[in-house]
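**Q** Structure incoming, see below.
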4 protein chains.
Amino acid sequence: MDPNAPDLGVGLVGHAFMGAAHSQAWRSAPRFFDLPLNPRMRAICGRDADRVRAAADRLGWESTETDWTRVVARDDIDLVDVCTPGDTHAEIAIAALEAGKHVLCEKPLANTVAEAQAMTAAADRAAARGVLAMVGFTYRRVPAIALAKQLVEQGRIGQVHHVRAQYLQDWIADPMAPMSWRLDKAKAGSGALGDVGAHIVDLTQHITGDRIASVNGLLETFVHERPLAADSSGSLLGGQGASGTAMGRVTVDDAAMFLARFESGAVGVFEATRFATGRKNAIRVEINGSDGSLAFDFEDMNVLNFYDGRDPAETAGFRRILVTEPTHPYVGAWWPPGHGLGYEHGFTHQVVDLVTAIGKGEQPLPSFADGLQVQRVLAAVERSAEMGAWQPTAVPVPAV
Amino acid sequence: MDPNAPDLGVGLVGHAFMGAAHSQAWRSAPRFFDLPLNPRMRAICGRDADRVRAAADRLGWESTETDWTRVVARDDIDLVDVCTPGDTHAEIAIAALEAGKHVLCEKPLANTVAEAQAMTAAADRAAARGVLAMVGFTYRRVPAIALAKQLVEQGRIGQVHHVRAQYLQDWIADPMAPMSWRLDKAKAGSGALGDVGAHIVDLTQHITGDRIASVNGLLETFVHERPLAADSSGSLLGGQGASGTAMGRVTVDDAAMFLARFESGAVGVFEATRFATGRKNAIRVEINGSDGSLAFDFEDMNVLNFYDGRDPAETAGFRRILVTEPTHPYVGAWWPPGHGLGYEHGFTHQVVDLVTAIGKGEQPLPSFADGLQVQRVLAAVERSAEMGAWQPTAVPVPAV
Amino acid sequence: MDPNAPDLGVGLVGHAFMGAAHSQAWRSAPRFFDLPLNPRMRAICGRDADRVRAAADRLGWESTETDWTRVVARDDIDLVDVCTPGDTHAEIAIAALEAGKHVLCEKPLANTVAEAQAMTAAADRAAARGVLAMVGFTYRRVPAIALAKQLVEQGRIGQVHHVRAQYLQDWIADPMAPMSWRLDKAKAGSGALGDVGAHIVDLTQHITGDRIASVNGLLETFVHERPLAADSSGSLLGGQGASGTAMGRVTVDDAAMFLARFESGAVGVFEATRFATGRKNAIRVEINGSDGSLAFDFEDMNVLNFYDGRDPAETAGFRRILVTEPTHPYVGAWWPPGHGLGYEHGFTHQVVDLVTAIGKGEQPLPSFADGLQVQRVLAAVERSAEMGAWQPTAVPVPAV
Amino acid sequence: MDPNAPDLGVGLVGHAFMGAAHSQAWRSAPRFFDLPLNPRMRAICGRDADRVRAAADRLGWESTETDWTRVVARDDIDLVDVCTPGDTHAEIAIAALEAGKHVLCEKPLANTVAEAQAMTAAADRAAARGVLAMVGFTYRRVPAIALAKQLVEQGRIGQVHHVRAQYLQDWIADPMAPMSWRLDKAKAGSGALGDVGAHIVDLTQHITGDRIASVNGLLETFVHERPLAADSSGSLLGGQGASGTAMGRVTVDDAAMFLARFESGAVGVFEATRFATGRKNAIRVEINGSDGSLAFDFEDMNVLNFYDGRDPAETAGFRRILVTEPTHPYVGAWWPPGHGLGYEHGFTHQVVDLVTAIGKGEQPLPSFADGLQVQRVLAAVERSAEMGAWQPTAVPVPAV
């Protein structure tokens, strides 16, 4: 941390799983990276005063708020970090941008394309005033993913033919796993599609530098009713079971899968599910190009597998690259080769890139427009699943 | 080999890649397994007298024929093994069955559903006379696959939710790889879809004991023209390039992918391609059930990965089962634990199961009806790809 | 962090690689775990005032010192964290303990058995006054390693027969990699043996709950002279090359390997090297017992492979346990299943266990006595390598 | 098979595990490779007339003998293939060579160095008369191993520093696994050391082109008494248990491990055991050189892992080479890429190389002299284990 750098006051809205990850990122980023601004963890916001107080103590925030509009209003706060469920993103983010605060908004950007459009418009207006917005697809900042993008950009795999992406979890494969807000369409917007599918849509578009042009999908709900947890609000990812007999209705997809055509002519197969028993957070991306291939699985997150089709056949093979070299993206700031990073480091890198962009007055990526594009893909998947037919992603939606 | 067992005269039609694999199987099966009949390698048939003579010497057949009708007619031949391209299957197989010869027919059963229907009808008529027919989906006989089926049948993974299957090769990823009959729709019927996709359709239906009810697919040809090899007939899998400038038109799909709904309610994602650079014969099947999961990749063919969802969380994990124990399917006849088998052993096991069924007068599996079901799935994929919409697999087709 | 818990003032001596890792641990531990005391990062100490000032700013320490005796003397410091090269451990740690400060000392405990004995005696005297000492074998706190120990304790692998451990790095495989203090016997005590070999000695004794009774080893130096870096003090792990022509003499082993007999009758094979090209931080431990086996590789640090010999042969196989479940050691405080941890988390867990032990007034583990036992094994390896014969580890050494 | 090539009459002595593997090799080799001579499976020999008759029927030999001297004497036999336990190798092989028969002798060449010396002398005398001898270290003929040797010869890994080899099995980890001749020093010579350790000694010397100069080892027997099987002669690899109470004494090592120095200056660590629970036939060889590394595990036998130290750090990683390309050793004769081979193919390749050498009148490799060198290493390990000190391998032994 540079003692001469100006401060960047940060206010965090939300204090559950994402709140903890973002807090660790705000705290760690200036300890390992040179930042143009020193983040100050000014305030954390939640609706319940006691719980947010406890969160502030544990996560290390200077003060608490119970009303997000207070965070947006405070003079000592320069950036609002939005970690709430998707149905509140638009309101908070737009208000913050209009109040002149930079915004970091968790993914998916919004629950609907209309909201995402409004947010993107707000971000565009704000940008004209030097106020910047970013959406939190943190997996872009896993070093192995960042390396994958570099290799594609350098032409190491040639022209992309195939994209194969899966996001596999299993936390509701048990039919007695309880209800949570993530299974409620009103709050979560969608199920596996938006929660985890959004990540692989963003990752594959990011790595290939290409956009999904049309999709044809299938959504499935395997378990339609689940026990209500005693206190469903506190249970982030559901629980191990429930004692009560009251049942809640699952209104989102348990699994989503779709075929895709990219603008470049590449074809893709996508699958997102929380019913892949034994797979805990298997974000798998495999890309086959005319001259090589890449394969990644988050369950082995420090590794990128790369096949160089230009190697002679005798010694060609997928190279298990341990992405821990000082010359690999982000890695030089951390530990020696072979001393891997973990899940939370993606969030730290996100803070680094965001603060660096703010320092330079440049647009941080992924922008709200990038988040909107992901939202359009998700919406097209939902339409195609309803209609049983291909849908373009670039469909204009009336403003809200 | 039991010297007191009766002989089973075998005639093989075709002598390329599949002919070599079948020959090794006919020769090896009686050396490792107790068979009720002793296979005799009576005749091999090919159109070119010199080439078939050389094949007979190399592959170990007693005599040669240049006209398949001769094979069907010979009294010393009890079984006709059909290893020709798909456009000839129906004619040869039906004639052989009508001549009272048992038939082993390579997959896919035929190039069209109509042909497959006619073959199945012929097989049904023949069965009534004790003449038996089998289609050669040999991968069913890889011990790890046979074990997978057993585990599903035993309920070890519970109710199946997800089927995820890929057949990935890369032998035409190079746009200068030459034309071959496998890229000509007239001979091959389809491209990746029928050639390799047929295998994963059969495997997943076989392992789950379920049937694909409807599909929604996409076919893609990335390279539309390829150099003609000097002698395309001899080049089974294409070559490393071509000197001439004459170009041939690729009339089949380079890649096929489709979503599927199974009769049981399970959903599936399938992908077959020859453009997956670096993947040589990656037949990947992953099945997620309510109580466990299975994962297989032919590039590590002696291994089945099994996740037992009933293991306590502390010690649950995918078990890398080395399927080389004497109690594993087929394995007891071979080598001690850890001494793995290879590609050709599936063909040997196919001969074992076929000859055993003939000895018992029972229907060998997969039957022509099973092959017809696969063909219906492939046809539905083609229709869905044309129409961009879901298609049922159980569509009646007018008889030829 | 509990705002009502008393403070624990911490002073850190050293600010290189280990200093950074320890700083992150002191900062993070109270944010994720309930601690009985709140660590306060009071002072960081280094010989160069400017460098230690910069380190304090970057790593987040309240003040700086340039003389370690000042850290030991300060009233606001309750615990001294020793992260200096091994030749200074004894002097600093003993002084701190005598001054009534708890001590966390990096491994190896000392450069000689005599020093380690003196330190252990000092720790024993201090313990009688409630002042506690711990040595920093952090890899014990990788969740997969902690799980391995639990499984052995629960009898899941039965009686241990084989221990197989390797610590493989490659950072000096290049003969032009420059000199560093780690290659100088006067400072580092030994080479691969003490630097990385110490870890696998500790890990295997820890996991098995057993002690190495005798050893027979081999030390090898492949490259005897190396270029002097422009400023060797700043180059922690050597560098990519050197421009000058001055050469320094390597006085430690590049590789160490030894056979071992454990007190229980188990046998072991150990290997530590920095010449294993392509292996970056491969800490591999494999243990075979009468009823099961364990296998770990730090290059896939969130995974423990476990073979349960009581599984029926049909479904037995090494289980790839993703050690990210809430019930796994340390993991419940972090992220959901499948969201893995990194290298630095072991240090955070070390702080947690140390502060918890201090809060309870209990001996933290590994104790200095444990560190002494490791030192005795290393010394026995050196003796055996000199004499070419087996050496017992329990050899009394005259006090310094 | 070339119908114009002369015949090579083969007589096989032994018909258990190795007899079956050799039979399949003699039968298959001429079907896939061009050989200068056509092997004829003339006679198989065993002491029990009924059993050898059954073996001949099953394994496909033209006739049987119950006295090996008859095999050596028959005019229609040109080559004697010795697959008996080690204590009989010298007598049979020397007699065969003196009778002018080529010899293929299973490994280890003999049970003692003295016998191996005598055999080597006999082979030298025979060679002068154009009669050739080879010892059966078949793993040299696994394509991945043959590729490893090529890469070392081409300098792809530079100067070899480290050799790390393990041969891990678990078939007697159960203390109730019954006695077998392999646990009887009188018949087997040694235990894990000679049975499986011999393979990794040969493989590492073969791949590196180097020789082990001195060793320092440890032999251990974990279970000293085992139940006698009802018929121990028929149980090749022990069984699942035994009903009787009679116990037999294990007189060989259950595990052997040793440190080694190679002539070139490389150092090695070796381990052979049958107590590695869960490892079935894990022949692991890892070689680290100044410019690269190789790693192989027979449990994934179609793969060679190769790290090219000359790759730039960004994209360096162990390449998982699927050794199934037509340009890989032996592979062109078999199946397309990705269609792997199994355990028995090494035996087929051994026949190919042997018959080719006989056809050319050249010395086949490994020669008896190579087998003798392995025997010297094993003997030095035994001496070092007794004496607890390093032993040179090149110790002259008095002739028998």
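Ordering of the structure tokens sets the chain letters (A, B, ...), residue numbers begin anew at 1 in every chain, and ligands are numbered from 1 in the order given.
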Extract, using only C-alpha atoms, all DNA, RNA and protein residues at most 8 Å from stretch 215-220 of chain C, discarding same-chain residues fewer than 3 positions from it, and format them as a list in words.
**A**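 Counting only C-alpha atoms, the residues come to Ile212, Asp253, Asp254, Ala255, Ala256, Met257, Phe258, Leu259, Ala260, Arg261, Val377, Ala380, Val381, Glu382, Ser384, Ala385, Gly388, Ala389, Trp390, Gln391, Pro392 and Thr393 of chain C; Leu259 of chain D.
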**Q** What does the file look like for those residues with N, CA and C atoms, as a PDB file, in the first residue's frame?
**A**
```pdb
ATOM      1  N   ILE C 212      10.537 -41.581  12.754  1.00  0.00           N
ATOM      2  CA  ILE C 212      11.616 -42.215  12.002  1.00  0.00           C
ATOM      3  C   ILE C 212      12.711 -42.595  12.988  1.00  0.00           C
ATOM      4  N   ASP C 253      23.641 -29.382  -0.319  1.00  0.00           N
ATOM      5  CA  ASP C 253      23.177 -30.426  -1.227  1.00  0.00           C
ATOM      6  C   ASP C 253      22.121 -29.882  -2.182  1.00  0.00           C
ATOM      7  N   ASP C 254      22.192 -30.307  -3.431  1.00  0.00           N
ATOM      8  CA  ASP C 254      21.129 -29.999  -4.397  1.00  0.00           C
ATOM      9  C   ASP C 254      19.978 -30.985  -4.246  1.00  0.00           C
ATOM     10  N   ALA C 255      20.315 -32.159  -3.769  1.00  0.00           N
ATOM     11  CA  ALA C 255      19.310 -33.222  -3.647  1.00  0.00           C
ATOM     12  C   ALA C 255      19.676 -34.116  -2.481  1.00  0.00           C
ATOM     13  N   ALA C 256      18.651 -34.604  -1.829  1.00  0.00           N
ATOM     14  CA  ALA C 256      18.846 -35.521  -0.708  1.00  0.00           C
ATOM     15  C   ALA C 256      17.839 -36.639  -0.843  1.00  0.00           C
ATOM     16  N   MET C 257      18.279 -37.859  -0.579  1.00  0.00           N
ATOM     17  CA  MET C 257      17.329 -38.985  -0.621  1.00  0.00           C
ATOM     18  C   MET C 257      17.746 -39.970   0.453  1.00  0.00           C
ATOM     19  N   PHE C 258      16.773 -40.591   1.053  1.00  0.00           N
ATOM     20  CA  PHE C 258      17.145 -41.561   2.088  1.00  0.00           C
ATOM     21  C   PHE C 258      16.064 -42.611   2.308  1.00  0.00           C
ATOM     22  N   LEU C 259      16.538 -43.763   2.730  1.00  0.00           N
ATOM     23  CA  LEU C 259      15.662 -44.827   3.198  1.00  0.00           C
ATOM     24  C   LEU C 259      15.450 -44.622   4.689  1.00  0.00           C
ATOM     25  N   ALA C 260      14.314 -45.078   5.190  1.00  0.00           N
ATOM     26  CA  ALA C 260      14.034 -44.869   6.614  1.00  0.00           C
ATOM     27  C   ALA C 260      13.317 -46.068   7.192  1.00  0.00           C
ATOM     28  N   ARG C 261      13.579 -46.296   8.464  1.00  0.00           N
ATOM     29  CA  ARG C 261      12.782 -47.247   9.237  1.00  0.00           C
ATOM     30  C   ARG C 261      12.067 -46.460  10.333  1.00  0.00           C
ATOM     31  N   VAL C 377      16.449 -36.154  12.589  1.00  0.00           N
ATOM     32  CA  VAL C 377      16.367 -36.978  11.383  1.00  0.00           C
ATOM     33  C   VAL C 377      17.281 -36.402  10.303  1.00  0.00           C
ATOM     34  N   ALA C 380      20.828 -37.122  11.105  1.00  0.00           N
ATOM     35  CA  ALA C 380      21.141 -38.542  10.880  1.00  0.00           C
ATOM     36  C   ALA C 380      21.303 -38.823   9.393  1.00  0.00           C
ATOM     37  N   VAL C 381      20.502 -38.165   8.570  1.00  0.00           N
ATOM     38  CA  VAL C 381      20.657 -38.329   7.122  1.00  0.00           C
ATOM     39  C   VAL C 381      22.046 -37.846   6.699  1.00  0.00           C
ATOM     40  N   GLU C 382      22.445 -36.711   7.227  1.00  0.00           N
ATOM     41  CA  GLU C 382      23.772 -36.187   6.870  1.00  0.00           C
ATOM     42  C   GLU C 382      24.884 -37.141   7.325  1.00  0.00           C
ATOM     43  N   SER C 384      24.602 -40.357   7.850  1.00  0.00           N
ATOM     44  CA  SER C 384      24.549 -41.600   7.076  1.00  0.00           C
ATOM     45  C   SER C 384      25.133 -41.388   5.678  1.00  0.00           C
ATOM     46  N   ALA C 385      24.885 -40.208   5.132  1.00  0.00           N
ATOM     47  CA  ALA C 385      25.416 -39.922   3.792  1.00  0.00           C
ATOM     48  C   ALA C 385      26.938 -39.873   3.819  1.00  0.00           C
ATOM     49  N   GLY C 388      27.941 -43.629   4.662  1.00  0.00           N
ATOM     50  CA  GLY C 388      27.432 -44.684   3.785  1.00  0.00           C
ATOM     51  C   GLY C 388      26.784 -45.820   4.539  1.00  0.00           C
ATOM     52  N   ALA C 389      26.161 -45.521   5.664  1.00  0.00           N
ATOM     53  CA  ALA C 389      25.590 -46.589   6.486  1.00  0.00           C
ATOM     54  C   ALA C 389      24.420 -46.048   7.298  1.00  0.00           C
ATOM     55  N   TRP C 390      23.599 -46.955   7.791  1.00  0.00           N
ATOM     56  CA  TRP C 390      22.435 -46.576   8.581  1.00  0.00           C
ATOM     57  C   TRP C 390      22.837 -45.834   9.849  1.00  0.00           C
ATOM     58  N   GLN C 391      22.007 -44.864  10.218  1.00  0.00           N
ATOM     59  CA  GLN C 391      22.233 -44.103  11.439  1.00  0.00           C
ATOM     60  C   GLN C 391      20.935 -43.983  12.205  1.00  0.00           C
ATOM     61  N   PRO C 392      21.008 -44.164  13.526  1.00  0.00           N
ATOM     62  CA  PRO C 392      19.810 -43.925  14.341  1.00  0.00           C
ATOM     63  C   PRO C 392      19.559 -42.421  14.442  1.00  0.00           C
ATOM     64  N   THR C 393      18.303 -42.056  14.630  1.00  0.00           N
ATOM     65  CA  THR C 393      18.002 -40.616  14.743  1.00  0.00           C
ATOM     66  C   THR C 393      18.135 -40.129  16.175  1.00  0.00           C
TER      67      THR C 393
ATOM     68  N   LEU D 259      18.705 -46.966  -2.822  1.00  0.00           N
ATOM     69  CA  LEU D 259      19.301 -45.792  -3.456  1.00  0.00           C
ATOM     70  C   LEU D 259      20.331 -46.296  -4.457  1.00  0.00           C
TER      71      LEU D 259
END
```
**Q** List every residue of chain C that has an atom at most 7 Å from any atom of chain A, and for each one report the closest atom pair and its distance in Å to one decimal, counting only C-alpha atoms, with rows sorted by chain and then by increasing residue number, as JSON lines.
**A**
```
{"residue": "C:Met1", "atom": "CA", "partner": "A:Arg58", "partner_atom": "CA", "distance": 4.6}
{"residue": "C:Asp2", "atom": "CA", "partner": "A:Asp57", "partner_atom": "CA", "distance": 6.8}
{"residue": "C:Pro3", "atom": "CA", "partner": "A:Asp57", "partner_atom": "CA", "distance": 6.9}
{"residue": "C:Arg31", "atom": "CA", "partner": "A:Arg58", "partner_atom": "CA", "distance": 5.1}
{"residue": "C:Asp57", "atom": "CA", "partner": "A:Met1", "partner_atom": "CA", "distance": 5.6}
{"residue": "C:Arg58", "atom": "CA", "partner": "A:Met1", "partner_atom": "CA", "distance": 4.6}
{"residue": "C:Leu59", "atom": "CA", "partner": "A:Arg31", "partner_atom": "CA", "distance": 5.3}
{"residue": "C:Lys280", "atom": "CA", "partner": "A:Gly338", "partner_atom": "CA", "distance": 4.5}
{"residue": "C:Asn281", "atom": "CA", "partner": "A:Gly338", "partner_atom": "CA", "distance": 4.5}
{"residue": "C:Glu299", "atom": "CA", "partner": "A:Gly338", "partner_atom": "CA", "distance": 6.2}
{"residue": "C:Asp300", "atom": "CA", "partner": "A:Asp300", "partner_atom": "CA", "distance": 6.7}
{"residue": "C:Pro337", "atom": "CA", "partner": "A:Lys280", "partner_atom": "CA", "distance": 5.5}
{"residue": "C:Gly338", "atom": "CA", "partner": "A:Asn281", "partner_atom": "CA", "distance": 4.5}
{"residue": "C:His339", "atom": "CA", "partner": "A:Tyr343", "partner_atom": "CA", "distance": 5.3}
{"residue": "C:Gly340", "atom": "CA", "partner": "A:Gly342", "partner_atom": "CA", "distance": 5.3}
{"residue": "C:Leu341", "atom": "CA", "partner": "A:Gly342", "partner_atom": "CA", "distance": 4.1}
{"residue": "C:Gly342", "atom": "CA", "partner": "A:Leu341", "partner_atom": "CA", "distance": 4.1}
{"residue": "C:Tyr343", "atom": "CA", "partner": "A:His339", "partner_atom": "CA", "distance": 5.3}
```
**Q** Write down as a ChimeraX atom specification the residues belonging to stretch 167-395 of chain C that are assigned strand (DSSP E) by DSSP computed on the backbone.
**A** /C:167-168,212-220,225-227,247-249,255-262,267-273,282-289,292-297,303-308,318-322,391-392
**Q** Within 10 Å of D:Thr251, counting only C-alpha atoms, which residues qualify if same-chain residues fewer than 2 places away don't, as a ChimeraX atom specification?
**A** /D:182-186,188-191,221,223-225,248-249,253-254
**Q** What is the distance between atom CA of C:His199 and atom CA of D:Asn288, in Å to one decimal?
**A**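 Result for atom CA of C:His199 versus atom CA of D:Asn288: 21.3 Å, one decimal.
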**Q** Show which residues sit within 12 Å of stretch 116-118 of chain C, as a PyMOL selection string. Count only C-alpha atoms, and ignore same-chain residues fewer than 6 positions away.
**A** chain C and resi 86-95+97+105+107-110+124-125+135+367-376+378-379+395-400
**Q** Residues near B:Gly19, anyone? I mean within 8 Å using only C-alpha atoms, not counting same-chain ones fewer than 6 positions away, as a list of chain:residue names.
**A**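 The residues that qualify are B:Leu12, B:Val13, B:Cys83.
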**Q** Based on the selection just made, write C-alpha atoms of those residues as an mmCIF file, in the first residue's frame.
**A**
```cif
data_model
loop_
_atom_site.group_PDB
_atom_site.id
_atom_site.type_symbol
_atom_site.label_atom_id
_atom_site.label_comp_id
_atom_site.auth_asym_id
_atom_site.auth_seq_id
_atom_site.Cartn_x
_atom_site.Cartn_y
_atom_site.Cartn_z
ATOM 1 C CA LEU B 12 -15.714 -61.993 -43.209
ATOM 2 C CA VAL B 13 -16.774 -59.379 -45.743
ATOM 3 C CA CYS B 83 -17.351 -55.053 -42.088
#
```
**Q** Neighbouring residues of B:Asp210 were defined as those with any atom within 10 Å, considering only C-alpha atoms; residues of the same chain fewer than 5 positions away were excluded. Please report them as a PDB file with N, CA and C atoms, in the first residue's frame.
**A**
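That gives us out_23.pdb:
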```
ATOM      1  N   VAL B 160     -31.251 -41.666 -12.706  1.00  0.00           N
ATOM      2  CA  VAL B 160     -30.380 -40.895 -13.593  1.00  0.00           C
ATOM      3  C   VAL B 160     -31.008 -39.540 -13.919  1.00  0.00           C
ATOM      4  N   THR B 204     -24.837 -44.828 -24.137  1.00  0.00           N
ATOM      5  CA  THR B 204     -25.602 -44.206 -23.054  1.00  0.00           C
ATOM      6  C   THR B 204     -26.947 -44.900 -22.864  1.00  0.00           C
ATOM      7  N   GLN B 205     -27.561 -45.332 -23.975  1.00  0.00           N
ATOM      8  CA  GLN B 205     -28.810 -46.086 -23.837  1.00  0.00           C
ATOM      9  C   GLN B 205     -28.537 -47.424 -23.154  1.00  0.00           C
ATOM     10  N   PHE B 262     -34.604 -38.359 -22.389  1.00  0.00           N
ATOM     11  CA  PHE B 262     -34.784 -39.807 -22.301  1.00  0.00           C
ATOM     12  C   PHE B 262     -36.211 -40.122 -21.837  1.00  0.00           C
ATOM     13  N   GLU B 263     -36.631 -41.336 -22.087  1.00  0.00           N
ATOM     14  CA  GLU B 263     -37.986 -41.734 -21.687  1.00  0.00           C
ATOM     15  C   GLU B 263     -38.195 -41.590 -20.186  1.00  0.00           C
ATOM     16  N   SER B 264     -37.153 -41.834 -19.413  1.00  0.00           N
ATOM     17  CA  SER B 264     -37.268 -41.800 -17.946  1.00  0.00           C
ATOM     18  C   SER B 264     -37.382 -40.387 -17.383  1.00  0.00           C
ATOM     19  N   GLY B 265     -37.106 -39.384 -18.194  1.00  0.00           N
ATOM     20  CA  GLY B 265     -37.067 -38.022 -17.686  1.00  0.00           C
ATOM     21  C   GLY B 265     -35.660 -37.471 -17.575  1.00  0.00           C
ATOM     22  N   ALA B 266     -34.665 -38.308 -17.745  1.00  0.00           N
ATOM     23  CA  ALA B 266     -33.287 -37.809 -17.743  1.00  0.00           C
ATOM     24  C   ALA B 266     -33.062 -36.908 -18.961  1.00  0.00           C
TER      25      ALA B 266
END
```
**Q** Got a sec: who's within 10 Å of B:Gly209, counting only C-alpha atoms, leaving out chain neighbours fewer than 6 positions off, as a list in words?
**A** Lys149, Val152, Glu153, Leu203 and Ser264 of chain B
**Q** Taking the DSSP assignment computed from this structure's backbone, write out as a ChimeraX atom specification all residues of stretch 103-192 of chain A that belong to alpha helix (DSSP H).
**A** /A:113-128,143-153,185-188,192
**Q** Any chance you can output those residues with C-alpha atoms as a JSON list (two decimals), in the first residue's frame?
**A**
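part-v2.json, freshly written:
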```json
[["chain", "number", "residue", "atom", "x", "y", "z"],
["A", 113, "VAL", "CA", -32.65, -7.98, -19.95],
["A", 114, "ALA", "CA", -34.74, -4.87, -19.41],
["A", 115, "GLU", "CA", -33.05, -4.18, -16.07],
["A", 116, "ALA", "CA", -29.64, -4.90, -17.54],
["A", 117, "GLN", "CA", -30.36, -2.46, -20.36],
["A", 118, "ALA", "CA", -31.32, 0.24, -17.91],
["A", 119, "MET", "CA", -28.18, -0.41, -15.90],
["A", 120, "THR", "CA", -26.02, -0.28, -18.98],
["A", 121, "ALA", "CA", -27.59, 3.01, -20.01],
["A", 122, "ALA", "CA", -26.92, 4.36, -16.52],
["A", 123, "ALA", "CA", -23.35, 3.17, -16.73],
["A", 124, "ASP", "CA", -22.91, 4.91, -20.07],
["A", 125, "ARG", "CA", -24.23, 8.17, -18.65],
["A", 126, "ALA", "CA", -22.00, 7.83, -15.61],
["A", 127, "ALA", "CA", -18.94, 7.05, -17.68],
["A", 128, "ALA", "CA", -19.35, 10.37, -19.42],
["A", 143, "PRO", "CA", -4.75, -16.94, -13.70],
["A", 144, "ALA", "CA", -5.36, -20.08, -15.76],
["A", 145, "ILE", "CA", -8.36, -18.43, -17.43],
["A", 146, "ALA", "CA", -6.44, -15.24, -18.05],
["A", 147, "LEU", "CA", -3.68, -17.32, -19.63],
["A", 148, "ALA", "CA", -6.24, -19.13, -21.80],
["A", 149, "LYS", "CA", -7.43, -15.80, -23.16],
["A", 150, "GLN", "CA", -3.85, -14.75, -23.89],
["A", 151, "LEU", "CA", -3.16, -17.94, -25.82],
["A", 152, "VAL", "CA", -6.28, -17.52, -27.94],
["A", 153, "GLU", "CA", -5.36, -13.90, -28.64],
["A", 185, "LYS", "CA", -37.54, -17.10, -9.45],
["A", 186, "ALA", "CA", -38.74, -13.82, -7.96],
["A", 187, "LYS", "CA", -35.43, -13.28, -6.21],
["A", 188, "ALA", "CA", -32.94, -15.21, -8.28],
["A", 192, "ALA", "CA", -28.66, -22.93, -12.61]]
```
